[in-house]
file structure-v7.txt (compact mmCIF, C-alpha atoms)
# COMPACT_ATOMS: atom_id res chain seq x y z
CA MET A 1 -15.81 4.67 4.35
CA ASN A 2 -17.03 5.07 0.78
CA ASN A 3 -13.40 5.26 -0.35
CA PHE A 4 -12.89 1.61 0.66
CA TYR A 5 -16.17 0.41 -0.85
CA GLY A 6 -14.98 1.05 -4.41
CA ASP A 7 -17.12 3.98 -5.53
CA ASN A 8 -14.03 6.17 -5.86
CA THR A 9 -11.45 3.52 -6.77
CA ARG A 10 -8.41 4.73 -8.74
CA TRP A 11 -6.32 2.34 -10.76
CA PHE A 12 -2.63 2.84 -11.50
CA VAL A 13 0.42 1.54 -13.36
CA GLY A 14 3.85 1.84 -11.78
CA ASP A 15 7.40 0.56 -11.48
CA VAL A 16 8.56 -1.59 -8.56
CA LYS A 17 11.37 0.12 -6.65
CA SER A 18 11.79 -2.16 -3.64
CA VAL A 19 10.64 -5.58 -2.45
CA SER A 20 12.55 -5.47 0.85
CA ASP A 21 9.55 -5.04 3.12
CA PRO A 22 10.83 -4.26 6.66
CA LEU A 23 7.81 -6.11 8.07
CA GLU A 24 8.42 -9.08 5.73
CA LEU A 25 4.75 -9.17 4.73
CA GLY A 26 5.32 -9.28 0.99
CA ARG A 27 4.61 -5.58 0.41
CA ILE A 28 6.41 -3.63 -2.32
CA GLN A 29 7.21 0.01 -3.04
CA VAL A 30 5.90 1.30 -6.37
CA ARG A 31 6.58 4.58 -8.14
CA VAL A 32 3.17 5.26 -9.70
CA HIS A 33 3.04 6.83 -13.14
CA GLY A 34 1.32 10.20 -13.11
CA ILE A 35 1.47 10.58 -9.31
CA HIS A 36 5.10 10.10 -8.30
CA SER A 37 7.57 12.03 -10.44
CA ASP A 38 10.92 10.58 -11.41
CA ASN A 39 12.62 13.30 -9.36
CA GLN A 40 14.15 11.74 -6.26
CA ILE A 41 14.06 15.14 -4.56
CA ASP A 42 10.28 15.34 -4.82
CA ILE A 43 9.83 11.86 -3.34
CA PRO A 44 12.77 9.50 -2.81
CA ASP A 45 12.20 5.81 -3.45
CA ALA A 46 12.61 5.16 0.27
CA ASN A 47 9.59 7.39 1.00
CA LEU A 48 7.20 5.68 -1.41
CA PRO A 49 4.20 4.05 0.32
CA TRP A 50 4.29 0.29 0.81
CA ALA A 51 1.74 -1.40 -1.45
CA GLN A 52 -0.19 -4.47 -0.40
CA THR A 53 -0.24 -7.30 -2.96
CA VAL A 54 -2.87 -9.76 -4.08
CA VAL A 55 -1.59 -13.35 -4.17
CA PRO A 56 -3.36 -16.43 -5.59
CA ILE A 57 -5.81 -18.30 -3.37
CA THR A 58 -3.56 -21.35 -3.81
CA GLU A 59 -1.28 -19.73 -1.23
CA GLY A 60 -1.99 -20.21 2.46
CA GLY A 61 -2.29 -16.55 3.38
CA THR A 62 -2.53 -17.07 7.14
CA LYS A 63 -0.35 -17.83 10.17
CA GLY A 64 2.93 -18.29 8.38
CA ILE A 65 1.52 -20.48 5.62
CA GLY A 66 2.21 -19.36 2.08
CA ASN A 67 4.96 -18.36 -0.31
CA ASN A 68 7.04 -15.23 -0.77
CA LEU A 69 6.44 -12.97 -3.75
CA GLY A 70 8.15 -13.52 -7.07
CA ILE A 71 7.92 -9.90 -8.22
CA LYS A 72 11.27 -8.19 -8.85
CA VAL A 73 12.53 -4.62 -8.72
CA GLY A 74 11.94 -2.97 -12.09
CA ALA A 75 8.74 -4.83 -12.87
CA LEU A 76 5.78 -2.95 -14.30
CA VAL A 77 2.72 -3.51 -12.11
CA PHE A 78 -0.99 -2.71 -12.18
CA GLY A 79 -3.15 -1.97 -9.15
CA ILE A 80 -5.70 0.22 -7.40
CA PHE A 81 -5.71 2.67 -4.51
CA LEU A 82 -7.86 1.40 -1.66
CA ASP A 83 -8.38 4.94 -0.39
CA GLY A 84 -9.52 6.40 -3.70
CA MET A 85 -8.49 9.98 -4.39
CA ASP A 86 -6.23 10.13 -1.32
CA SER A 87 -3.99 7.61 -3.10
CA GLN A 88 -1.98 6.54 -0.07
CA LEU A 89 -2.99 2.88 0.16
CA PRO A 90 -1.91 1.13 -3.06
CA LEU A 91 -2.86 -2.47 -3.77
CA VAL A 92 -0.94 -4.31 -6.54
CA LEU A 93 -3.02 -6.82 -8.50
CA GLY A 94 -0.42 -8.12 -10.94
CA SER A 95 2.53 -7.40 -13.23
CA MET A 96 2.58 -6.51 -16.92
CA PRO A 97 4.97 -7.56 -19.71
CA LYS A 98 7.04 -4.73 -21.15
CA TYR A 99 9.95 -3.80 -23.39
CA GLU A 100 13.15 -3.16 -21.48
CA GLU A 101 16.40 -1.55 -22.53
CA GLY A 102 19.38 -3.85 -22.21
CA SER A 103 17.39 -7.08 -22.28
CA PRO A 104 17.70 -9.52 -25.23
CA GLY A 105 15.40 -8.25 -27.96
CA GLY A 106 14.14 -5.60 -25.56
CA LEU A 107 11.66 -8.09 -24.11
CA SER A 108 11.14 -8.92 -20.45
CA THR A 109 9.97 -12.45 -21.33
CA ASN A 110 12.69 -15.04 -20.64
CA GLN A 111 14.65 -16.17 -23.71
CA LEU A 112 14.12 -19.83 -22.82
CA ALA A 113 10.40 -19.26 -23.17
CA ARG A 114 10.90 -17.60 -26.57
CA GLY A 115 12.87 -20.45 -28.12
CA THR A 116 16.50 -19.49 -27.36
CA ASN A 117 18.36 -21.96 -25.17
CA THR A 118 20.58 -19.89 -22.86
CA ILE A 119 21.72 -22.85 -20.73
CA SER A 120 24.85 -24.62 -21.93
CA LYS A 121 25.64 -28.16 -20.78
CA THR A 122 28.48 -30.62 -21.36
CA ARG A 123 27.37 -34.14 -22.16
CA ASP A 124 29.08 -37.07 -20.44
CA PRO A 125 30.71 -39.15 -23.22
CA PHE A 126 31.00 -42.28 -21.04
CA THR A 127 27.27 -42.77 -20.45
CA SER A 128 26.02 -42.22 -24.03
CA GLU A 129 23.94 -39.41 -22.57
CA PRO A 130 21.38 -38.05 -25.08
CA ALA A 131 21.52 -34.39 -26.02
CA SER A 132 19.00 -32.02 -24.52
CA PRO A 133 15.80 -32.11 -26.60
CA TYR A 134 15.21 -28.37 -26.06
CA ALA A 135 13.12 -27.06 -28.96
CA ALA A 136 10.81 -24.64 -27.17
CA VAL A 137 8.21 -22.70 -29.13
CA TYR A 138 6.57 -19.65 -27.59
CA PRO A 139 4.31 -19.73 -25.59
CA LYS A 140 4.52 -23.45 -24.78
CA ASN A 141 7.55 -23.32 -22.48
CA ASN A 142 6.61 -22.22 -18.96
CA VAL A 143 9.78 -20.79 -17.45
CA HIS A 144 10.56 -19.62 -13.93
CA ALA A 145 14.00 -17.99 -13.89
CA TYR A 146 15.53 -16.53 -10.76
CA GLU A 147 18.11 -13.84 -9.98
CA SER A 148 20.86 -16.25 -8.94
CA GLY A 149 20.58 -18.30 -12.14
CA HIS A 150 18.25 -21.09 -11.02
CA VAL A 151 15.70 -22.12 -13.69
CA ILE A 152 12.60 -24.32 -13.73
CA GLU A 153 11.06 -25.20 -17.11
CA ILE A 154 7.85 -27.07 -17.82
CA ASP A 155 7.81 -27.26 -21.60
CA ASP A 156 4.66 -28.33 -23.45
CA THR A 157 6.09 -27.80 -26.93
CA PRO A 158 4.71 -30.66 -29.11
CA ASP A 159 7.28 -33.46 -29.60
CA ALA A 160 9.73 -31.60 -27.33
CA GLU A 161 7.94 -31.85 -23.99
CA ARG A 162 10.39 -31.52 -21.09
CA ILE A 163 10.62 -30.89 -17.37
CA HIS A 164 13.91 -29.24 -16.46
CA ILE A 165 15.22 -28.14 -13.06
CA PHE A 166 18.55 -26.32 -13.27
CA HIS A 167 20.76 -25.09 -10.41
CA LYS A 168 23.17 -22.20 -10.99
CA SER A 169 26.11 -24.52 -10.12
CA GLY A 170 25.36 -26.64 -13.19
CA THR A 171 23.52 -29.40 -11.34
CA PHE A 172 20.31 -30.31 -13.17
CA VAL A 173 17.60 -32.88 -13.75
CA GLU A 174 15.96 -33.02 -17.18
CA MET A 175 13.10 -35.27 -18.23
CA HIS A 176 12.92 -35.90 -21.97
CA PRO A 177 9.89 -36.38 -24.25
CA ASN A 178 10.38 -40.18 -24.33
CA GLY A 179 10.68 -40.42 -20.55
CA ASP A 180 14.50 -40.52 -20.35
CA VAL A 181 15.92 -38.71 -17.32
CA VAL A 182 19.36 -37.06 -17.39
CA THR A 183 20.91 -35.98 -14.10
CA HIS A 184 24.13 -34.08 -13.49
CA MET A 185 25.27 -33.16 -9.99
CA LYS A 186 28.30 -32.20 -7.95
CA ASN A 187 28.73 -34.40 -4.88
CA GLY A 188 25.81 -36.71 -4.14
CA PHE A 189 24.58 -37.80 -0.72
CA LYS A 190 21.72 -40.23 -0.19
CA THR A 191 20.32 -41.68 3.03
CA VAL A 192 17.63 -44.37 3.13
CA THR A 193 16.26 -45.01 6.60
CA GLY A 194 14.48 -48.18 5.50
CA ASN A 195 14.98 -50.65 2.65
CA ASP A 196 16.14 -49.65 -0.81
CA LYS A 197 15.65 -51.55 -4.06
CA ILE A 198 16.47 -50.92 -7.70
CA HIS A 199 15.13 -52.90 -10.64
CA VAL A 200 16.87 -52.51 -14.00
CA THR A 201 15.18 -54.36 -16.86
CA GLY A 202 18.14 -53.84 -19.19
CA THR A 203 21.89 -53.56 -18.70
CA MET A 204 23.40 -51.53 -15.88
CA ASP A 205 26.85 -49.95 -16.25
CA MET A 206 28.82 -48.19 -13.51
CA ILE A 207 31.82 -46.10 -14.59
CA ILE A 208 33.95 -44.85 -11.69
CA ASP A 209 37.06 -42.76 -12.33
CA GLY A 210 38.31 -43.08 -8.75
CA ASP A 211 38.04 -45.75 -6.08
CA MET A 212 34.89 -47.51 -4.92
CA ASN A 213 34.42 -48.50 -1.29
CA ILE A 214 31.63 -50.76 -0.05
CA ASN A 215 31.15 -51.22 3.67
CA VAL A 216 28.54 -53.75 4.83
CA THR A 217 27.92 -54.74 8.44
CA GLY A 218 25.95 -57.82 7.41
CA ASP A 219 26.45 -60.46 4.71
CA VAL A 220 26.99 -59.79 1.02
CA ALA A 221 25.24 -62.07 -1.45
CA MET A 222 26.05 -61.98 -5.18
CA ASN A 223 24.11 -64.20 -7.53
CA GLY A 224 24.98 -64.58 -11.18
CA ALA A 225 25.36 -67.27 -13.81
CA THR A 226 29.01 -66.22 -14.08
CA ILE A 227 30.81 -63.62 -11.97
CA ASN A 228 33.96 -62.24 -13.63
CA LEU A 229 36.48 -60.12 -11.71
CA ASN A 230 38.89 -58.05 -13.80
CA ASN A 231 37.36 -59.40 -16.98
CA GLY A 232 38.45 -56.67 -19.33
CA ASP A 233 41.43 -55.22 -21.16
CA PRO A 234 44.13 -57.93 -21.14
CA VAL A 235 46.87 -55.34 -21.69
CA ARG A 236 46.42 -53.63 -18.32
CA ASP A 237 47.87 -55.14 -15.16
CA LYS A 238 45.10 -56.16 -12.80
CA ALA A 239 44.74 -58.07 -9.59
CA ALA A 240 41.72 -59.48 -7.80
CA ARG A 241 42.52 -60.39 -4.21
CA LEU A 242 40.80 -61.88 -1.18
CA ASN A 243 42.75 -60.80 1.91
CA ASP A 244 45.73 -60.38 -0.43
CA THR A 245 45.86 -64.17 -0.97
CA ALA A 246 45.08 -66.01 -4.18
CA ILE A 247 42.50 -68.76 -3.75
CA GLY A 248 43.94 -71.25 -6.17
CA THR A 249 45.18 -71.76 -9.69
CA ASP A 250 43.99 -73.66 -12.70
CA PRO A 251 46.99 -73.97 -15.02
CA ALA A 252 45.04 -75.96 -17.58
CA GLY A 253 42.44 -73.26 -17.94
CA ILE A 254 38.73 -73.75 -18.29
CA ALA A 255 37.18 -74.59 -21.65
CA GLY A 256 40.37 -73.56 -23.39
CA GLY A 257 40.61 -70.22 -21.59
CA THR A 258 43.36 -68.81 -19.42
CA VAL A 259 42.75 -67.55 -15.89
CA ASN A 260 45.04 -66.67 -13.01
CA SER A 261 42.86 -67.90 -10.17
CA VAL A 262 39.54 -69.64 -9.88
CA ILE A 263 36.92 -70.59 -7.30
CA ASN A 264 34.71 -73.50 -8.34
CA SER A 265 31.40 -74.69 -6.95
CA ALA A 266 29.01 -77.40 -8.07
CA SER A 267 27.19 -75.24 -10.57
CA LYS A 268 28.86 -71.80 -10.81
CA THR A 269 32.33 -70.41 -11.36
CA VAL A 270 33.98 -67.23 -10.03
CA PHE A 271 36.99 -66.08 -12.04
CA ILE A 272 39.66 -63.96 -10.35
CA GLY A 273 42.18 -62.35 -12.65
CA ASP A 274 42.23 -61.69 -16.35
CA GLY A 275 39.50 -63.68 -18.04
CA ALA A 276 39.22 -61.60 -21.18
CA ASP A 277 39.75 -64.60 -23.45
CA LEU A 278 37.70 -67.01 -21.39
CA VAL A 279 35.03 -69.01 -23.23
CA ALA A 280 33.39 -71.00 -20.44
CA ASP A 281 29.89 -72.31 -20.16
CA GLU A 282 27.75 -70.92 -17.33
CA ASP A 283 27.49 -74.31 -15.64
CA GLU A 284 31.14 -75.25 -16.23
call {"tool": "encode", "arguments": {"input": "structure-v7.txt", "output": "structure tokens"}}
result
Amino acid sequence: MNNFYGDNTRWFVGDVKSVSDPLELGRIQVRVHGIHSDNQIDIPDANLPWAQTVVPITEGGTKGIGNNLGIKVGALVFGIFLDGMDSQLPLVLGSMPKYEEGSPGGLSTNQLARGTNTISKTRDPFTSEPASPYAAVYPKNNVHAYESGHVIEIDDTPDAERIHIFHKSGTFVEMHPNGDVVTHMKNGFKTVTGNDKIHVTGTMDMIIDGDMNINVTGDVAMNGATINLNNGDPVRDKAARLNDTAIGTDPAGIAGGTVNSVINSASKTVFIGDGADLVADEDE
């Protein structure tokens, strides 16, 4: 029992060879320096003992509550043997930074954390999207990069603070130092089971390259001082239709302007057609 009390504790450094625990408990196989030779004949990787791991107390740790390990094959880890000199019950306490052949600069630390932006993005020219403010300075950028290419950055670099969530497909959300949020995605799907509201204190632009379909089972209410339909480039042919039937014409124009069709009310005007050269008062 003294072996487990700590009087004969042995510490070790080793290389992770497998994280595919058959019991799915988060154990890992480690080839310990000075105990396990590099000769696969002496002890194959598959025969290495499974090491228990210490995880933070922020994880649940009981009855299916908690998170899987982030350690990867090839990592350099530090730990102790729970059974002392017998050295058959390894316990991994953490991983250690190291130089690695084949990695950029020989360092295991992610390049994003060291100030090299390895994620390329194409800005959308139609939305006046700002460029990424990436200007990370080591060690301010906290990076979690994953095997598939997913990346999460929480960057505390002064004057370049960002939060960035990047999916390997190119979809991302990036929060800029001034609070701007840039989002790129493939297809988007949103379901609101209750009410939904949006408040824009400035101007809102929607640029749609294809068609736009709006299906409403109830009423549609549009309120505006002036509502212009097809109020744009006079060179292009346009048509605004209600059940494919024009509502009416105003050959004299309004306030010197030229419109194809018009719907008038006591205080507002709805223009249908090309009103690019229209100069009408709101209450006309």
call {"tool": "closest_residue", "arguments": {"input": "structure-v7.txt", "among": "A:Gly79, A:Pro90, A:Gly61, A:Gly70", "to": "Pro49 (chain A)", "atoms": "all atoms listed in the file"}}
result
A:Pro90
call {"tool": "closest_residue", "arguments": {"input": "structure-v7.txt", "among": "A:Asn68, A:Ser37, A:Ile28, A:Asp209", "to": "Gln52 (chain A)", "atoms": "all atoms listed in the file"}}
result
A:Ile28
call {"tool": "residues_near_point", "arguments": {"input": "structure-v7.txt", "point": "(3.9, 2.7, -5.8)", "cutoff": "9 Å", "atoms": "all atoms listed in the file", "output": "list in words"}}
result
Phe12, Val13, Gly14, Asp15, Val16, Lys17, Ile28, Gln29, Val30, Arg31, Val32, His33, Ile35, His36, Leu48, Pro49, Trp50, Ala51, Val77, Pro90, Leu91 and Val92 of chain A
call {"tool": "closest_residue", "arguments": {"input": "structure-v7.txt", "among": "A:Asn213, A:Thr109, A:Asn67, A:Asn223", "to": "Tyr138 (chain A)", "atoms": "all atoms listed in the file"}}
result
A:Thr109
call {"tool": "residues_around", "arguments": {"input": "structure-v7.txt", "residues": "region 110-123 of chain A", "least_positions_apart": "4", "cutoff": "6 Å", "atoms": "all atoms listed in the file", "output": "PyMOL selection string"}}
result
chain A and resi 136-138+141+143
call {"tool": "closest_residue", "arguments": {"input": "structure-v7.txt", "among": "A:Phe126, A:Phe81, A:Tyr99, A:Phe166", "to": "Ile154 (chain A)", "atoms": "all atoms listed in the file"}}
result
A:Phe166
call {"tool": "atom_distance", "arguments": {"input": "structure-v7.txt", "atom1": "CA of Ile152 (chain A)", "atom2": "CA of Thr171 (chain A)"}}
result
12.3 Å
call {"tool": "build_atoms", "arguments": {"input": "structure-v7.txt", "residues": "region 167-198 of chain A", "atoms": "N, CA and C atoms", "output": "PDB file, in the coordinates of the input"}}
result
ATOM      1  N   HIS A 167      20.131 -25.863 -11.489  1.00  0.00           N
ATOM      2  CA  HIS A 167      20.760 -25.090 -10.410  1.00  0.00           C
ATOM      3  C   HIS A 167      21.921 -24.280 -10.981  1.00  0.00           C
ATOM      4  N   LYS A 168      22.141 -23.102 -10.445  1.00  0.00           N
ATOM      5  CA  LYS A 168      23.170 -22.200 -10.990  1.00  0.00           C
ATOM      6  C   LYS A 168      24.558 -22.841 -11.009  1.00  0.00           C
ATOM      7  N   SER A 169      24.812 -23.852 -10.158  1.00  0.00           N
ATOM      8  CA  SER A 169      26.110 -24.520 -10.120  1.00  0.00           C
ATOM      9  C   SER A 169      26.341 -25.428 -11.323  1.00  0.00           C
ATOM     10  N   GLY A 170      25.278 -25.704 -12.077  1.00  0.00           N
ATOM     11  CA  GLY A 170      25.360 -26.640 -13.190  1.00  0.00           C
ATOM     12  C   GLY A 170      24.660 -27.951 -12.919  1.00  0.00           C
ATOM     13  N   THR A 171      24.293 -28.202 -11.672  1.00  0.00           N
ATOM     14  CA  THR A 171      23.520 -29.400 -11.340  1.00  0.00           C
ATOM     15  C   THR A 171      22.123 -29.282 -11.962  1.00  0.00           C
ATOM     16  N   PHE A 172      21.636 -30.370 -12.561  1.00  0.00           N
ATOM     17  CA  PHE A 172      20.310 -30.310 -13.170  1.00  0.00           C
ATOM     18  C   PHE A 172      19.682 -31.690 -13.273  1.00  0.00           C
ATOM     19  N   VAL A 173      18.371 -31.682 -13.424  1.00  0.00           N
ATOM     20  CA  VAL A 173      17.600 -32.880 -13.750  1.00  0.00           C
ATOM     21  C   VAL A 173      16.719 -32.505 -14.937  1.00  0.00           C
ATOM     22  N   GLU A 174      16.767 -33.317 -15.994  1.00  0.00           N
ATOM     23  CA  GLU A 174      15.960 -33.020 -17.180  1.00  0.00           C
ATOM     24  C   GLU A 174      15.236 -34.284 -17.627  1.00  0.00           C
ATOM     25  N   MET A 175      13.922 -34.167 -17.760  1.00  0.00           N
ATOM     26  CA  MET A 175      13.100 -35.270 -18.230  1.00  0.00           C
ATOM     27  C   MET A 175      12.762 -35.043 -19.698  1.00  0.00           C
ATOM     28  N   HIS A 176      13.055 -36.035 -20.532  1.00  0.00           N
ATOM     29  CA  HIS A 176      12.920 -35.900 -21.970  1.00  0.00           C
ATOM     30  C   HIS A 176      11.547 -36.355 -22.467  1.00  0.00           C
ATOM     31  N   PRO A 177      11.219 -36.022 -23.723  1.00  0.00           N
ATOM     32  CA  PRO A 177       9.890 -36.380 -24.250  1.00  0.00           C
ATOM     33  C   PRO A 177       9.591 -37.881 -24.193  1.00  0.00           C
ATOM     34  N   ASN A 178      10.608 -38.722 -24.347  1.00  0.00           N
ATOM     35  CA  ASN A 178      10.380 -40.180 -24.330  1.00  0.00           C
ATOM     36  C   ASN A 178      10.435 -40.772 -22.936  1.00  0.00           C
ATOM     37  N   GLY A 179      10.630 -39.929 -21.912  1.00  0.00           N
ATOM     38  CA  GLY A 179      10.680 -40.420 -20.550  1.00  0.00           C
ATOM     39  C   GLY A 179      12.088 -40.606 -20.007  1.00  0.00           C
ATOM     40  N   ASP A 180      13.124 -40.441 -20.846  1.00  0.00           N
ATOM     41  CA  ASP A 180      14.500 -40.520 -20.350  1.00  0.00           C
ATOM     42  C   ASP A 180      14.731 -39.415 -19.328  1.00  0.00           C
ATOM     43  N   VAL A 181      15.564 -39.690 -18.335  1.00  0.00           N
ATOM     44  CA  VAL A 181      15.920 -38.710 -17.320  1.00  0.00           C
ATOM     45  C   VAL A 181      17.433 -38.565 -17.286  1.00  0.00           C
ATOM     46  N   VAL A 182      17.926 -37.351 -17.452  1.00  0.00           N
ATOM     47  CA  VAL A 182      19.360 -37.060 -17.390  1.00  0.00           C
ATOM     48  C   VAL A 182      19.614 -36.232 -16.142  1.00  0.00           C
ATOM     49  N   THR A 183      20.581 -36.670 -15.343  1.00  0.00           N
ATOM     50  CA  THR A 183      20.910 -35.980 -14.100  1.00  0.00           C
ATOM     51  C   THR A 183      22.406 -35.685 -14.051  1.00  0.00           C
ATOM     52  N   HIS A 184      22.753 -34.446 -13.772  1.00  0.00           N
ATOM     53  CA  HIS A 184      24.130 -34.080 -13.490  1.00  0.00           C
ATOM     54  C   HIS A 184      24.159 -33.443 -12.102  1.00  0.00           C
ATOM     55  N   MET A 185      25.182 -33.756 -11.310  1.00  0.00           N
ATOM     56  CA  MET A 185      25.270 -33.160  -9.990  1.00  0.00           C
ATOM     57  C   MET A 185      26.732 -33.041  -9.585  1.00  0.00           C
ATOM     58  N   LYS A 186      26.971 -32.267  -8.551  1.00  0.00           N
ATOM     59  CA  LYS A 186      28.300 -32.200  -7.950  1.00  0.00           C
ATOM     60  C   LYS A 186      28.447 -33.435  -7.061  1.00  0.00           C
ATOM     61  N   ASN A 187      28.698 -33.266  -5.803  1.00  0.00           N
ATOM     62  CA  ASN A 187      28.730 -34.400  -4.880  1.00  0.00           C
ATOM     63  C   ASN A 187      27.310 -34.865  -4.592  1.00  0.00           C
ATOM     64  N   GLY A 188      27.135 -36.164  -4.422  1.00  0.00           N
ATOM     65  CA  GLY A 188      25.810 -36.710  -4.140  1.00  0.00           C
ATOM     66  C   GLY A 188      25.785 -37.394  -2.780  1.00  0.00           C
ATOM     67  N   PHE A 189      24.727 -37.183  -2.036  1.00  0.00           N
ATOM     68  CA  PHE A 189      24.580 -37.800  -0.720  1.00  0.00           C
ATOM     69  C   PHE A 189      23.150 -38.338  -0.613  1.00  0.00           C
ATOM     70  N   LYS A 190      23.033 -39.610  -0.254  1.00  0.00           N
ATOM     71  CA  LYS A 190      21.720 -40.230  -0.190  1.00  0.00           C
ATOM     72  C   LYS A 190      21.636 -41.061   1.086  1.00  0.00           C
ATOM     73  N   THR A 191      20.559 -40.897   1.825  1.00  0.00           N
ATOM     74  CA  THR A 191      20.320 -41.680   3.030  1.00  0.00           C
ATOM     75  C   THR A 191      18.948 -42.329   2.939  1.00  0.00           C
ATOM     76  N   VAL A 192      18.892 -43.627   3.120  1.00  0.00           N
ATOM     77  CA  VAL A 192      17.630 -44.370   3.130  1.00  0.00           C
ATOM     78  C   VAL A 192      17.465 -44.947   4.523  1.00  0.00           C
ATOM     79  N   THR A 193      16.435 -44.549   5.229  1.00  0.00           N
ATOM     80  CA  THR A 193      16.260 -45.010   6.600  1.00  0.00           C
ATOM     81  C   THR A 193      15.581 -46.377   6.680  1.00  0.00           C
ATOM     82  N   GLY A 194      15.080 -46.851   5.534  1.00  0.00           N
ATOM     83  CA  GLY A 194      14.480 -48.180   5.500  1.00  0.00           C
ATOM     84  C   GLY A 194      15.176 -49.035   4.465  1.00  0.00           C
ATOM     85  N   ASN A 195      14.423 -49.808   3.699  1.00  0.00           N
ATOM     86  CA  ASN A 195      14.980 -50.650   2.650  1.00  0.00           C
ATOM     87  C   ASN A 195      15.082 -49.856   1.359  1.00  0.00           C
ATOM     88  N   ASP A 196      15.948 -50.309   0.478  1.00  0.00           N
ATOM     89  CA  ASP A 196      16.140 -49.650  -0.810  1.00  0.00           C
ATOM     90  C   ASP A 196      16.289 -50.721  -1.883  1.00  0.00           C
ATOM     91  N   LYS A 197      15.574 -50.576  -2.977  1.00  0.00           N
ATOM     92  CA  LYS A 197      15.650 -51.550  -4.060  1.00  0.00           C
ATOM     93  C   LYS A 197      15.724 -50.832  -5.398  1.00  0.00           C
ATOM     94  N   ILE A 198      16.416 -51.445  -6.342  1.00  0.00           N
ATOM     95  CA  ILE A 198      16.470 -50.920  -7.700  1.00  0.00           C
ATOM     96  C   ILE A 198      16.273 -52.082  -8.663  1.00  0.00           C
TER      97      ILE A 198
END
